[in-house]
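**Q** Before I ask anything, let me first share the structure, which is written out below as structure tokens.
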Amino acid sequence: MRALAQTRTVIALDTLGYGDSDRPPWPEPRIEDYARSVAEVVDKIDIGEEVDLYGTHTGAFIAIETAILLKSRVARVVINGIGVWDGGERRDLIEHYTPPFEPRHDGTHLIQMWAQMRDMTLFWPWYDRSAAGVVSVPQMTASALHEWVVEGLKSGVSYPLGYQATFNYATRRRLPFVAKPVLLLDDPQDVLRNSLPEALQLIPDARRALLPGDVLGRAKLINDYLYQ
């Protein structure tokens, strides 16, 4: 964000229910609901006639649906990780990825969040602790993991909602409706990387680019695409 902001206006929105945002008003929000909240922001603040959208993982789903919703107001879209799952994998994620999270008097919910976040850096999905589930990525430091856990705790009971919305999103059906150019970032360390080839085929105007490992290289890649 800081690197991109050197050459353009960058506005980062907390997804409803995460960060410092309000909880979503819907009991079971859909990606379409989150997209409408983004579209409302775009309509209400003075950021020009066109905007570019960037999203990673849950944000990628929201960016895709926002691009479909806003149509002519979107110029280009950059996506870093989006899942295209078959029925069995989708059902497994819906059932297991977001166990109930409620504060408990003995404080064990704090341990639950810490362990779950830690395992997200070790396995995919995080609850598959078998050899097949091990991911090969650099391990997060304890300090970085602490910050991540704190953000999860701030979300509280809203924490599962965004994840469940992605698992229930009709990705294969919706991607062909994106009428804008889309850059799919190919991150070798992304657990959703296997979905890239199918997403590339489903989006009418999409290209794939290997994501550099350094921040400035990533910003340059994105800027070069957006300013074409």
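Note on naming: chains are A, B, ... as they come in the structure tokens, residues start from 1 per chain, ligands start from 1 in the order shown.
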Would you mind listing what lies within 6 Å of A:Pro181 as a list in words, with only C-alpha atoms counted and same-chain residues fewer than 6 positions away left out?
**A**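 Here the answer would be Arg76, Asp205 and Ala206 of chain A.
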**Q** Using the chain letters and numbers from this document, which residues of stretch 9-78 of chain A does DSSP assign to alpha helix (DSSP H), as a PyMOL selection string?
**A** chain A and resi 31-44+58-70
**Q** Residues of stretch 78-182 of chain A within 12 Å of stretch 10-32 of chain A: nearest atom pair and distance (Å, one decimal) for each, counting only C-alpha atoms, sorted by chain and number, as CSV?
**A**
residue,atom,partner,partner_atom,distance
A:Glu147,CA,A:Gly19,CA,11.4
A:Trp148,CA,A:Gly19,CA,10.4
A:Val149,CA,A:Gly19,CA,11.5
A:Val150,CA,A:Gly19,CA,9.6
A:Glu151,CA,A:Gly19,CA,6.2
A:Gly152,CA,A:Tyr18,CA,7.7
A:Leu153,CA,A:Tyr18,CA,9.5
A:Lys154,CA,A:Gly19,CA,6.9
A:Ser155,CA,A:Tyr18,CA,5.0
A:Gly156,CA,A:Gly17,CA,8.5
A:Val157,CA,A:Gly17,CA,8.7
A:Ser158,CA,A:Gly17,CA,5.3
A:Tyr159,CA,A:Gly17,CA,7.0
A:Pro160,CA,A:Gly17,CA,9.5
A:Leu161,CA,A:Glu28,CA,6.6
A:Gly162,CA,A:Pro29,CA,7.4
A:Tyr163,CA,A:Ile31,CA,9.6
A:Gln164,CA,A:Arg30,CA,8.2
A:Ala165,CA,A:Arg30,CA,4.9
A:Thr166,CA,A:Ile31,CA,6.5
A:Phe167,CA,A:Ile31,CA,9.6
A:Asn168,CA,A:Arg30,CA,7.7
A:Tyr169,CA,A:Ile31,CA,6.6
A:Ala170,CA,A:Ile31,CA,9.5
A:Thr171,CA,A:Ile31,CA,10.3
A:Arg174,CA,A:Glu32,CA,10.7
**Q** Could you turn the residues from that selection into a file that holds C-alpha atoms, as a short mmCIF file (atom, residue, chain, number, x, y, z; two decimals), in the first residue's frame?
**A**
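And here is the file that came out, result_33.cif:
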data_model
loop_
_atom_site.label_atom_id
_atom_site.label_comp_id
_atom_site.auth_asym_id
_atom_site.auth_seq_id
_atom_site.Cartn_x
_atom_site.Cartn_y
_atom_site.Cartn_z
CA GLU A 147 -0.66 -8.88 15.49
CA TRP A 148 -2.67 -11.22 13.27
CA VAL A 149 -4.29 -12.92 16.27
CA VAL A 150 -5.21 -9.55 17.79
CA GLU A 151 -7.00 -8.62 14.55
CA GLY A 152 -8.84 -11.93 14.65
CA LEU A 153 -9.90 -11.34 18.24
CA LYS A 154 -11.17 -7.87 17.33
CA SER A 155 -13.46 -9.50 14.77
CA GLY A 156 -14.87 -11.82 17.44
CA VAL A 157 -18.10 -13.50 16.43
CA SER A 158 -17.89 -11.80 13.01
CA TYR A 159 -14.68 -13.67 12.21
CA PRO A 160 -16.28 -16.63 10.35
CA LEU A 161 -18.63 -14.55 8.21
CA GLY A 162 -16.31 -13.39 5.44
CA TYR A 163 -14.75 -16.83 5.05
CA GLN A 164 -18.12 -18.54 4.82
CA ALA A 165 -19.20 -15.98 2.22
CA THR A 166 -16.25 -16.93 0.00
CA PHE A 167 -16.97 -20.66 0.34
CA ASN A 168 -20.60 -20.07 -0.68
CA TYR A 169 -19.76 -17.74 -3.59
CA ALA A 170 -20.59 -19.06 -7.06
CA THR A 171 -17.07 -18.37 -8.34
CA ARG A 174 -19.62 -15.19 -11.62
#
**Q** Residues near A:Arg118, anyone? I mean within 9 Å using only C-alpha atoms, not counting same-chain ones fewer than 4 positions away, as a ChimeraX atom specification.
**A** /A:113-114,122,126,140,145,149
**Q** Please identify which residues in stretch 123-200 of chain A DSSP calls strand (DSSP E) from the backbone, and express them as a list of chain:residue names.
**A**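 Of stretch 123-200 of chain A, the ones in strand (DSSP E) are A:Val182, A:Leu183, A:Leu184, A:Leu185, A:Asp186.
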**Q** So how far away is atom CA of A:Asp128 from atom CA of A:Phe61, in Å?
**A**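 One can read the atom CA of A:Phe61 to atom CA of A:Asp128 distance as 23.5 Å.
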**Q** As an exercise, work out the distance from atom CA of A:Ala179 to atom CA of A:Met1 in Å and give it to one decimal place.
**A**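 Taking atom CA of A:Ala179 as the start and atom CA of A:Met1 as the end point, the length is 25.3 Å.
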**Q** If we count only C-alpha atoms, what is near stretch 191-203 of chain A at a cut-off of 8 Å, once residues fewer than 6 positions away on the same chain are taken out, given as a short mmCIF file (atom, residue, chain, number, x, y, z; two decimals) with C-alpha atoms, in the first residue's frame?
**A**
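What follows is the written file part13.cif:
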data_model
loop_
_atom_site.label_atom_id
_atom_site.label_comp_id
_atom_site.auth_asym_id
_atom_site.auth_seq_id
_atom_site.Cartn_x
_atom_site.Cartn_y
_atom_site.Cartn_z
CA GLY A 81 -5.42 -15.37 -4.69
CA ILE A 82 -8.95 -16.54 -5.40
CA GLY A 83 -10.36 -20.01 -4.79
CA VAL A 84 -12.21 -22.07 -7.38
CA TRP A 85 -13.31 -25.17 -5.49
CA TRP A 124 -3.81 -25.90 3.97
CA VAL A 135 2.61 -25.87 3.03
CA ARG A 172 -17.28 -20.37 -11.56
CA LEU A 175 -16.09 -14.88 -13.04
CA PRO A 176 -17.26 -14.81 -16.70
CA PHE A 177 -19.31 -11.67 -15.90
CA VAL A 178 -16.21 -9.57 -15.18
CA VAL A 182 -7.99 -8.52 -14.68
CA LEU A 184 -4.07 -12.52 -11.69
#
**Q** Pick from A:Arg104, A:Lys220, A:Lys44, A:Arg207: nearest to A:Thr7, with only C-alpha atoms counted?
**A**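 Of A:Arg104, A:Lys220, A:Lys44, A:Arg207, the one nearest A:Thr7 is A:Lys220, counting only C-alpha atoms.
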**Q** Excluding A:Thr56 and its own-chain neighbours fewer than 4 positions away, which residues fall within 10 Å of it when counting only C-alpha atoms? Please give them as a ChimeraX atom specification.
**A** /A:60-63,78-82,185
